[in-house]
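One file, query_14.txt, is given below (compact mmCIF, C-alpha atoms).
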# COMPACT_ATOMS: atom_id res chain seq x y z
CA MET A 1 95.88 -17.82 61.53
CA LEU A 2 94.08 -21.02 62.31
CA THR A 3 96.01 -23.89 63.86
CA ASP A 4 96.33 -27.18 62.00
CA ALA A 5 93.78 -28.73 64.34
CA GLU A 6 91.32 -25.91 63.64
CA THR A 7 91.90 -26.21 59.90
CA LEU A 8 90.90 -29.86 60.14
CA ARG A 9 87.95 -29.31 62.45
CA TYR A 10 86.46 -26.49 60.39
CA SER A 11 87.44 -27.78 56.94
CA ARG A 12 83.81 -27.79 55.74
CA HIS A 13 83.55 -24.09 56.64
CA LEU A 14 86.85 -23.31 54.94
CA LEU A 15 85.53 -24.78 51.70
CA LEU A 16 82.81 -22.14 51.64
CA ASP A 17 83.76 -18.91 49.84
CA LYS A 18 81.37 -17.07 52.12
CA VAL A 19 83.14 -18.25 55.29
CA SER A 20 86.77 -19.26 54.53
CA GLU A 21 89.58 -18.66 57.03
CA THR A 22 88.61 -14.99 57.41
CA GLY A 23 85.09 -15.92 58.53
CA GLN A 24 86.33 -18.71 60.79
CA LEU A 25 88.65 -16.29 62.57
CA LYS A 26 85.70 -13.92 63.05
CA LEU A 27 83.70 -16.75 64.62
CA LYS A 28 86.64 -17.56 66.90
CA ALA A 29 86.89 -13.95 68.05
CA ALA A 30 83.13 -13.58 68.59
CA THR A 31 81.07 -13.50 71.77
CA VAL A 32 77.44 -14.63 71.57
CA LEU A 33 74.89 -14.27 74.36
CA VAL A 34 72.21 -16.99 74.37
CA ILE A 35 69.32 -16.13 76.68
CA GLY A 36 67.29 -19.22 77.56
CA MET A 37 68.72 -22.73 77.28
CA GLY A 38 65.54 -24.68 76.55
CA GLY A 39 64.18 -26.03 73.26
CA LEU A 40 65.55 -23.11 71.22
CA GLY A 41 68.75 -22.58 73.17
CA SER A 42 69.71 -26.26 72.86
CA PRO A 43 70.23 -26.37 69.07
CA VAL A 44 71.50 -22.78 69.11
CA ALA A 45 74.28 -23.60 71.59
CA LEU A 46 75.13 -26.93 69.95
CA TYR A 47 75.49 -25.39 66.49
CA LEU A 48 77.39 -22.31 67.67
CA ALA A 49 79.83 -24.39 69.72
CA ALA A 50 80.29 -26.83 66.83
CA ALA A 51 80.89 -23.90 64.46
CA GLY A 52 83.72 -22.60 66.62
CA VAL A 53 82.19 -19.44 68.04
CA GLY A 54 84.96 -18.51 70.47
CA ASN A 55 82.93 -17.29 73.44
CA LEU A 56 79.47 -18.46 74.39
CA VAL A 57 77.57 -16.94 77.29
CA LEU A 58 74.57 -19.06 78.29
CA ALA A 59 71.88 -17.64 80.56
CA ASP A 60 69.19 -19.75 82.23
CA PHE A 61 68.14 -20.01 85.86
CA ASP A 62 66.27 -23.31 85.48
CA GLU A 63 67.25 -26.80 86.45
CA LEU A 64 66.75 -29.65 84.01
CA ASP A 65 63.41 -31.42 84.37
CA VAL A 66 62.64 -34.79 82.85
CA SER A 67 59.81 -33.19 80.83
CA ASN A 68 62.39 -30.97 79.10
CA LEU A 69 64.16 -33.90 77.43
CA GLN A 70 61.50 -34.38 74.74
CA ARG A 71 62.79 -31.25 72.97
CA GLN A 72 65.88 -29.89 74.73
CA VAL A 73 68.42 -31.91 72.79
CA CYS A 74 71.48 -30.51 74.54
CA TYR A 75 70.81 -32.65 77.63
CA ASP A 76 70.84 -36.26 78.81
CA THR A 77 68.61 -38.15 81.22
CA SER A 78 71.52 -38.46 83.64
CA GLN A 79 71.61 -34.63 83.92
CA VAL A 80 68.07 -34.21 85.29
CA GLY A 81 68.20 -31.95 88.35
CA LEU A 82 71.36 -30.11 87.27
CA HIS A 83 71.35 -26.44 86.38
CA LYS A 84 70.84 -26.28 82.63
CA VAL A 85 73.85 -24.05 82.11
CA ASP A 86 76.09 -26.53 83.97
CA ALA A 87 74.67 -29.45 81.99
CA ALA A 88 75.07 -27.51 78.73
CA LYS A 89 78.61 -26.52 79.57
CA ALA A 90 79.57 -30.16 80.11
CA ARG A 91 77.98 -31.23 76.81
CA LEU A 92 79.39 -28.34 74.75
CA SER A 93 82.89 -28.72 76.19
CA GLU A 94 82.85 -32.34 75.02
CA LEU A 95 81.66 -31.22 71.60
CA ASN A 96 84.27 -28.48 71.18
CA PRO A 97 86.88 -27.96 73.92
CA GLU A 98 88.19 -24.84 72.19
CA VAL A 99 85.05 -22.83 72.93
CA ARG A 100 85.01 -20.72 76.10
CA ILE A 101 81.66 -21.12 77.81
CA ARG A 102 80.36 -19.00 80.65
CA GLY A 103 77.06 -19.69 82.37
CA ILE A 104 74.70 -17.30 84.14
CA LYS A 105 72.47 -19.24 86.54
CA LYS A 106 70.58 -16.37 88.12
CA LYS A 107 67.73 -14.32 86.73
CA MET A 108 69.44 -11.20 85.42
CA SER A 109 68.49 -7.69 86.46
CA ALA A 110 68.12 -5.13 83.68
CA MET A 111 71.50 -3.73 84.67
CA GLN A 112 73.29 -7.08 84.52
CA LEU A 113 71.58 -7.87 81.24
CA GLY A 114 72.84 -4.53 79.92
CA MET A 115 76.40 -5.44 80.87
CA GLU A 116 76.16 -8.87 79.26
CA VAL A 117 74.62 -7.45 76.07
CA GLY A 118 77.45 -4.90 76.02
CA LEU A 119 80.00 -7.74 75.90
CA ALA A 120 78.22 -9.60 73.09
CA ASP A 121 78.49 -9.22 69.32
CA VAL A 122 75.01 -10.65 68.84
CA VAL A 123 72.22 -11.77 71.18
CA LEU A 124 69.84 -14.71 70.70
CA ASP A 125 66.48 -14.55 72.41
CA CYS A 126 65.57 -18.15 73.23
CA THR A 127 63.38 -17.31 76.24
CA ASP A 128 59.96 -18.67 77.12
CA ASN A 129 58.01 -15.61 78.28
CA LEU A 130 56.95 -12.22 76.94
CA GLU A 131 58.33 -10.20 79.83
CA SER A 132 61.87 -11.41 79.09
CA ARG A 133 61.39 -10.94 75.36
CA HIS A 134 60.41 -7.30 75.82
CA LEU A 135 63.29 -6.62 78.21
CA VAL A 136 65.89 -8.28 75.96
CA SER A 137 64.72 -6.30 72.92
CA GLN A 138 64.71 -3.05 74.88
CA VAL A 139 68.26 -3.57 76.17
CA CYS A 140 69.61 -4.69 72.77
CA HIS A 141 68.04 -1.64 71.15
CA ARG A 142 69.58 0.67 73.73
CA GLN A 143 73.02 -0.86 73.16
CA SER A 144 72.68 -1.14 69.37
CA THR A 145 73.37 -4.89 69.55
CA PRO A 146 71.76 -7.12 66.90
CA LEU A 147 69.06 -9.47 68.21
CA ILE A 148 67.81 -12.72 66.70
CA VAL A 149 64.47 -13.78 68.17
CA GLY A 150 62.99 -17.26 68.01
CA ALA A 151 59.80 -18.67 69.49
CA GLY A 152 57.85 -21.90 69.20
CA ILE A 153 54.67 -23.45 70.51
CA ARG A 154 52.46 -26.39 69.50
CA LEU A 155 53.27 -26.74 65.77
CA GLU A 156 54.07 -23.08 65.06
CA GLY A 157 57.26 -21.07 65.08
CA GLN A 158 58.26 -17.42 64.80
CA LEU A 159 61.64 -16.03 63.74
CA MET A 160 62.82 -12.43 63.42
CA MET A 161 66.02 -10.41 63.37
CA PHE A 162 66.43 -6.83 64.54
CA ASP A 163 69.72 -5.25 63.54
CA PHE A 164 69.86 -2.50 66.13
CA SER A 165 73.14 -1.21 64.68
CA GLN A 166 70.86 0.33 62.02
CA PRO A 167 68.84 3.35 63.14
CA ASP A 168 65.80 2.35 61.06
CA SER A 169 65.45 -1.04 62.77
CA ALA A 170 62.06 -1.90 64.19
CA CYS A 171 61.94 -3.70 67.54
CA TYR A 172 59.96 -6.46 69.25
CA HIS A 173 57.69 -3.86 70.85
CA CYS A 174 56.77 -2.41 67.41
CA LEU A 175 55.39 -5.85 66.54
CA PHE A 176 53.93 -6.96 69.86
CA PRO A 177 53.30 -3.86 71.98
CA SER A 178 51.37 -5.69 74.67
CA THR A 179 53.56 -6.56 77.62
CA GLU A 180 50.79 -8.58 79.21
CA GLU A 181 51.76 -12.15 79.72
CA GLN A 182 50.19 -14.47 77.19
CA ALA A 183 49.00 -17.93 78.04
CA LEU A 184 50.90 -19.56 75.19
CA ASN A 185 54.01 -21.29 76.46
CA CYS A 186 55.37 -24.80 76.13
CA ALA A 187 54.31 -25.82 79.63
CA ASN A 188 50.61 -25.15 79.08
CA SER A 189 50.20 -25.50 75.30
CA GLY A 190 52.66 -28.24 74.40
CA VAL A 191 55.19 -28.23 71.58
CA LEU A 192 56.76 -30.71 69.21
CA GLY A 193 60.54 -30.87 69.60
CA PRO A 194 61.39 -30.33 65.92
CA ILE A 195 59.43 -27.05 65.93
CA VAL A 196 61.85 -25.42 68.37
CA GLY A 197 64.63 -27.41 66.72
CA THR A 198 63.81 -25.81 63.36
CA ILE A 199 63.55 -22.29 64.70
CA GLY A 200 66.63 -22.62 66.93
CA SER A 201 68.67 -23.99 64.02
CA LEU A 202 67.70 -20.95 61.95
CA GLN A 203 68.63 -18.62 64.80
CA ALA A 204 72.07 -20.25 64.84
CA LEU A 205 72.31 -19.89 61.06
CA GLU A 206 71.45 -16.19 61.25
CA ALA A 207 74.01 -15.67 64.05
CA ILE A 208 76.79 -17.38 62.09
CA LYS A 209 75.89 -15.39 58.97
CA TYR A 210 75.95 -12.15 60.93
CA LEU A 211 79.31 -12.94 62.54
CA VAL A 212 81.06 -13.82 59.28
CA GLY A 213 79.63 -10.73 57.58
CA LEU A 214 76.89 -12.20 55.40
CA PRO A 215 73.69 -10.22 54.94
CA SER A 216 70.55 -11.40 56.70
CA GLY A 217 67.55 -12.02 54.50
CA ILE A 218 65.12 -11.40 57.36
CA LYS A 219 65.96 -7.98 58.83
CA ASN A 220 62.78 -6.27 59.99
CA GLN A 221 60.78 -9.30 59.02
CA LEU A 222 58.68 -11.78 60.91
CA LYS A 223 58.78 -15.32 59.57
CA LEU A 224 55.93 -17.57 60.67
CA PHE A 225 56.42 -21.31 60.38
CA ASP A 226 53.46 -23.68 60.15
CA GLY A 227 54.64 -27.13 61.19
CA VAL A 228 51.52 -28.80 59.75
CA SER A 229 51.77 -27.57 56.15
CA LEU A 230 55.50 -26.69 56.41
CA ASN A 231 54.58 -23.33 54.88
CA TRP A 232 56.39 -20.13 55.79
CA GLN A 233 54.75 -16.72 55.80
CA THR A 234 56.80 -13.54 55.70
CA PHE A 235 55.67 -10.18 57.07
CA ASN A 236 57.50 -6.88 56.89
CA ILE A 237 57.80 -5.00 60.17
CA SER A 238 58.02 -1.23 59.99
CA LYS A 239 59.34 0.87 62.82
CA ASP A 240 56.32 2.13 64.75
CA PRO A 241 56.66 5.94 64.89
CA ALA A 242 54.81 5.82 68.23
CA CYS A 243 56.92 3.00 69.73
CA PRO A 244 57.96 3.92 73.29
CA VAL A 245 61.04 1.68 73.04
CA CYS A 246 62.69 2.53 69.71
CA SER A 247 61.16 5.80 68.57
CA GLY A 248 62.23 7.94 71.48
CA HIS A 249 58.77 8.66 72.86
CA GLY A 250 58.96 6.96 76.19
CA THR A 251 61.03 5.79 79.09
CA ASN A 252 63.97 4.67 77.01
CA MET B 1 25.99 0.64 52.54
CA GLU B 2 28.83 -0.18 50.18
CA GLN B 3 30.53 -3.47 50.95
CA ILE B 4 34.05 -4.59 50.15
CA LYS B 5 35.50 -8.07 49.95
CA ILE B 6 38.57 -8.91 52.03
CA SER B 7 40.15 -12.01 53.54
CA ILE B 8 41.07 -12.62 57.16
CA ASN B 9 43.58 -15.44 57.68
CA GLY B 10 42.50 -16.83 54.31
CA GLU B 11 38.75 -16.66 54.90
CA VAL B 12 36.74 -14.36 52.63
CA ARG B 13 34.58 -11.75 54.36
CA HIS B 14 32.46 -8.82 53.33
CA ILE B 15 32.69 -5.67 55.40
CA ALA B 16 31.50 -2.09 55.10
CA ALA B 17 33.67 0.21 53.01
CA ASN B 18 35.76 2.73 54.92
CA THR B 19 36.20 0.43 57.92
CA ASN B 20 39.44 0.96 59.82
CA ILE B 21 41.44 -1.79 61.49
CA ALA B 22 40.33 -0.97 65.02
CA GLN B 23 36.67 -1.13 63.91
CA LEU B 24 37.27 -4.40 62.07
CA LEU B 25 38.73 -6.05 65.17
CA VAL B 26 35.74 -4.99 67.24
CA GLU B 27 33.39 -6.23 64.52
CA ILE B 28 34.96 -9.67 64.40
CA GLY B 29 35.28 -9.81 68.18
CA ASN B 30 39.04 -10.13 68.12
CA ALA B 31 40.26 -6.97 69.78
CA GLU B 32 42.20 -8.82 72.44
CA GLN B 33 45.70 -8.02 73.61
CA GLY B 34 48.69 -9.73 72.12
CA VAL B 35 47.40 -9.68 68.57
CA ALA B 36 49.56 -8.49 65.70
CA LEU B 37 48.02 -7.63 62.37
CA ALA B 38 49.31 -7.42 58.82
CA VAL B 39 47.64 -6.07 55.70
CA ASN B 40 49.05 -7.62 52.52
CA GLN B 41 52.09 -8.97 54.40
CA ALA B 42 52.98 -5.62 55.99
CA ILE B 43 52.64 -5.39 59.77
CA ILE B 44 50.52 -2.40 60.78
CA ALA B 45 51.63 -0.91 64.11
CA ARG B 46 48.90 -0.81 66.73
CA SER B 47 49.15 2.97 66.95
CA GLU B 48 48.06 3.13 63.30
CA TRP B 49 45.03 0.83 63.57
CA PRO B 50 42.43 3.58 64.05
CA ALA B 51 43.68 5.50 61.02
CA HIS B 52 44.31 2.60 58.65
CA ILE B 53 41.35 2.11 56.28
CA ILE B 54 40.91 -1.37 54.82
CA ASN B 55 40.60 -1.58 51.05
CA HIS B 56 38.77 -3.98 48.76
CA GLY B 57 40.88 -7.08 48.18
CA ASP B 58 43.11 -6.62 51.22
CA GLU B 59 44.51 -9.77 52.79
CA ILE B 60 44.44 -9.41 56.57
CA SER B 61 46.57 -11.67 58.75
CA LEU B 62 46.02 -11.85 62.48
CA PHE B 63 48.35 -13.68 64.82
CA GLN B 64 49.52 -13.79 68.41
CA ALA B 65 52.90 -13.42 69.99
CA ILE B 66 54.40 -16.79 70.84
CA ALA B 67 56.31 -16.78 74.09
CA GLY B 68 57.50 -20.38 74.18
CA GLY B 69 61.00 -21.51 73.62

Structure translated into structure tokens:
Amino acid sequence: MLTDAETLRYSRHLLLDKVSETGQLKLKAATVLVIGMGGLGSPVALYLAAAGVGNLVLADFDELDVSNLQRQVCYDTSQVGLHKVDAAKARLSELNPEVRIRGIKKKMSAMQLGMEVGLADVVLDCTDNLESRHLVSQVCHRQSTPLIVGAGIRLEGQLMMFDFSQPDSACYHCLFPSTEEQALNCANSGVLGPIVGTIGSLQALEAIKYLVGLPSGIKNQLKLFDGVSLNWQTFNISKDPACPVCSGHGTN
Amino acid sequence: MEQIKISINGEVRHIAANTNIAQLLVEIGNAEQGVALAVNQAIIARSEWPAHIINHGDEISLFQAIAGG
């Protein structure tokens, strides 16, 4: 049962047939792991905390830099120099004191990441480098934990969901098998804030839908967003039968 | 040699019939790492590039992984 205060706070959810009290209680019981608290992680964490996700685990080893503020909307100028997870925790606790927030300030080893993924109902990849993206996908696949991946650069965004609870799910490696670091990141290519805002908001939407039991429209799909034309392209991702991560041919 | 008409990221091109994806990428000088490729909105896994023959009218999309966030 929701308390009276929760019924008031989440009244706009309770009006939705597809959420209702049942869905709100699922959100309250849920644990979500957000990896990366930058331009994607900011809207993700704000929306999930506002929605009443009961347990948020935020991972980022960076401190807030003034150049982050142009797109990382979770933070204030007065917080520059703080660890992002501490700054986020302060902001999110103000937004919704009922949410339990735990921060991870150190770069996680594969083993620690495995433990954290094991505690989560769903994982959101909001990282800024390919090495982390490959590792997160590999660990989520191994633990059969659904993964919602967002990325943004310049005026382009990418969004995908891998439901690793399903044996036929493709993985990040099926799509981008190269683990070589690419040059395209926000620090060297630039990005408009609303690009990561758009993609991060959709990651949060997919997470909420997953937690309340609504089907995802983007399983095994890659959505490409063009911020110039505002066009979306959709591509179907098939499991690569030769994938060393998810097809049982390699080190996994 | 028989030619077929395809598009790559929206631009029309003519290529030799019976070209596979790996050959196409060499031909257009775009065989670099980090590239994903779709034919008619279906991603083709890299392991299948040498065996996948491109057909007349195919729409090829090439794009890179984005790391930023």

Mind running chain A against chain B at 6 Å and telling me each contacting residue's nearest atom pair with the distance in Å (one decimal), counting only C-alpha atoms, chain and number ascending, as CSV?
residue,atom,partner,partner_atom,distance
A:Gly39,CA,B:Gly69,CA,5.5
A:Leu40,CA,B:Gly69,CA,5.4
A:Cys126,CA,B:Gly69,CA,5.7
A:Thr127,CA,B:Gly69,CA,5.5
A:Asp128,CA,B:Gly68,CA,4.2
A:Asn129,CA,B:Ala67,CA,4.7
A:Leu130,CA,B:Ala67,CA,5.4
A:Ala151,CA,B:Gly69,CA,5.2
A:Gly152,CA,B:Gly68,CA,5.2
A:Ile153,CA,B:Gly68,CA,5.6
A:Ser178,CA,B:Gly34,CA,5.5
A:Asn185,CA,B:Gly68,CA,4.3
A:Cys186,CA,B:Gly68,CA,5.3
A:Phe235,CA,B:Gln41,CA,4.6
A:Asn236,CA,B:Ala42,CA,4.8
A:Ile237,CA,B:Ile43,CA,5.2
A:Asp240,CA,B:Ala45,CA,5.6

Go ahead and save the residues from that selection, with C-alpha atoms, as a short mmCIF file (atom, residue, chain, number, x, y, z; two decimals), in the coordinates of the input.
data_model
loop_
_atom_site.label_atom_id
_atom_site.label_comp_id
_atom_site.auth_asym_id
_atom_site.auth_seq_id
_atom_site.Cartn_x
_atom_site.Cartn_y
_atom_site.Cartn_z
CA GLY A 39 64.18 -26.03 73.26
CA LEU A 40 65.55 -23.11 71.22
CA CYS A 126 65.57 -18.15 73.23
CA THR A 127 63.38 -17.31 76.24
CA ASP A 128 59.96 -18.67 77.12
CA ASN A 129 58.01 -15.61 78.28
CA LEU A 130 56.95 -12.22 76.94
CA ALA A 151 59.80 -18.67 69.49
CA GLY A 152 57.85 -21.90 69.20
CA ILE A 153 54.67 -23.45 70.51
CA SER A 178 51.37 -5.69 74.67
CA ASN A 185 54.01 -21.29 76.46
CA CYS A 186 55.37 -24.80 76.13
CA PHE A 235 55.67 -10.18 57.07
CA ASN A 236 57.50 -6.88 56.89
CA ILE A 237 57.80 -5.00 60.17
CA ASP A 240 56.32 2.13 64.75
#

Quiz item: Mind pulling up the distance from atom CA of Cys171 of chain A to atom CA of Ser247 of chain A?
Solution: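 One can read the atom CA of Ser247 of chain A to atom CA of Cys171 of chain A distance as 9.6 Å.
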
Exercise. With a distance cut-off of 7 Å and only C-alpha atoms, select the neighbouring residues of segment 8-21 of chain B, excluding the residue or stretch itself and same-chain residues fewer than 2 positions from it, and output the selection as a list in words.
Key: Met1, Glu2, Gln3, Ile4, Lys5, Ile6, Gln23, Leu24, Leu25, Trp49, Pro50, Ala51, His52, Ile53, Ile54, Glu59, Ile60, Ser61 and Leu62 of chain B

Residue neighbourhood segment 11-26 of chain A, 8 Å, only C-alpha atoms, exclusion window fewer than 4 positions, as a CSV table (one decimal) with C-alpha atoms, keeping the file's coordinate frame:
chain,number,residue,atom,x,y,z
A,1,MET,CA,95.9,-17.8,61.5
A,2,LEU,CA,94.1,-21.0,62.3
A,6,GLU,CA,91.3,-25.9,63.6
A,7,THR,CA,91.9,-26.2,59.9
A,30,ALA,CA,83.1,-13.6,68.6
A,52,GLY,CA,83.7,-22.6,66.6
A,211,LEU,CA,79.3,-12.9,62.5
A,212,VAL,CA,81.1,-13.8,59.3
A,213,GLY,CA,79.6,-10.7,57.6
A,214,LEU,CA,76.9,-12.2,55.4

Quiz prompt | Straight-line distance linking atom CA of Ser201 of chain A with atom CA of Leu119 of chain A, stated in Å to one decimal | solution =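 Computed distance, atom CA of Ser201 of chain A to atom CA of Leu119 of chain A, equals 23.1 Å.
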
Find the residues around segment 133-143 of chain A up to 8 Å (all atoms listed in the file counted), leave out those fewer than 2 positions away in its own chain, and share them as a PDB file with C-alpha atoms, in the frame of the given file.
ATOM      1  CA  ALA A 110      68.120  -5.130  83.680  1.00  0.00           C
ATOM      2  CA  LEU A 113      71.580  -7.870  81.240  1.00  0.00           C
ATOM      3  CA  GLY A 114      72.840  -4.530  79.920  1.00  0.00           C
ATOM      4  CA  VAL A 117      74.620  -7.450  76.070  1.00  0.00           C
ATOM      5  CA  GLY A 118      77.450  -4.900  76.020  1.00  0.00           C
ATOM      6  CA  VAL A 123      72.220 -11.770  71.180  1.00  0.00           C
ATOM      7  CA  ASP A 125      66.480 -14.550  72.410  1.00  0.00           C
ATOM      8  CA  THR A 127      63.380 -17.310  76.240  1.00  0.00           C
ATOM      9  CA  ASN A 129      58.010 -15.610  78.280  1.00  0.00           C
ATOM     10  CA  LEU A 130      56.950 -12.220  76.940  1.00  0.00           C
ATOM     11  CA  GLU A 131      58.330 -10.200  79.830  1.00  0.00           C
ATOM     12  CA  THR A 145      73.370  -4.890  69.550  1.00  0.00           C
ATOM     13  CA  PRO A 146      71.760  -7.120  66.900  1.00  0.00           C
ATOM     14  CA  LEU A 147      69.060  -9.470  68.210  1.00  0.00           C
ATOM     15  CA  PHE A 164      69.860  -2.500  66.130  1.00  0.00           C
ATOM     16  CA  CYS A 171      61.940  -3.700  67.540  1.00  0.00           C
ATOM     17  CA  TYR A 172      59.960  -6.460  69.250  1.00  0.00           C
ATOM     18  CA  HIS A 173      57.690  -3.860  70.850  1.00  0.00           C
ATOM     19  CA  THR A 179      53.560  -6.560  77.620  1.00  0.00           C
ATOM     20  CA  VAL A 245      61.040   1.680  73.040  1.00  0.00           C
ATOM     21  CA  CYS A 246      62.690   2.530  69.710  1.00  0.00           C
ATOM     22  CA  ASN A 252      63.970   4.670  77.010  1.00  0.00           C
TER      23      ASN A 252
ATOM     24  CA  ALA B  67      56.310 -16.780  74.090  1.00  0.00           C
TER      25      ALA B  67
END

Practice problem: Could you tell me how far atom CA of Ile208 of chain A lies from atom CA of Asp121 of chain A, in Å and to one decimal? | Solution: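 So the answer is 11.0 Å.
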
Quiz prompt | Shortest interatomic distance to Ser169 of chain A - which of A:Leu224, A:Gly54, A:His83, A:Ile218, counting all atoms listed in the file | solution =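 Using all atoms listed in the file, the shortest distance to Ser169 of chain A belongs to A:Ile218.
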
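Of the residues under consideration (A:Tyr10, A:Ser42, A:Asn55, A:Asp4), A:Ser42 shows the shortest atom-to-atom contact distance to Asn68 of chain A when counting all atoms listed in the file.
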
Quiz item: What's the 12 Å shell around Val228 of chain A, counting all atoms listed in the file, without same-chain residues fewer than 4 positions away, as a ChimeraX atom specification?
Solution: /A:154-157,192,194-195,232
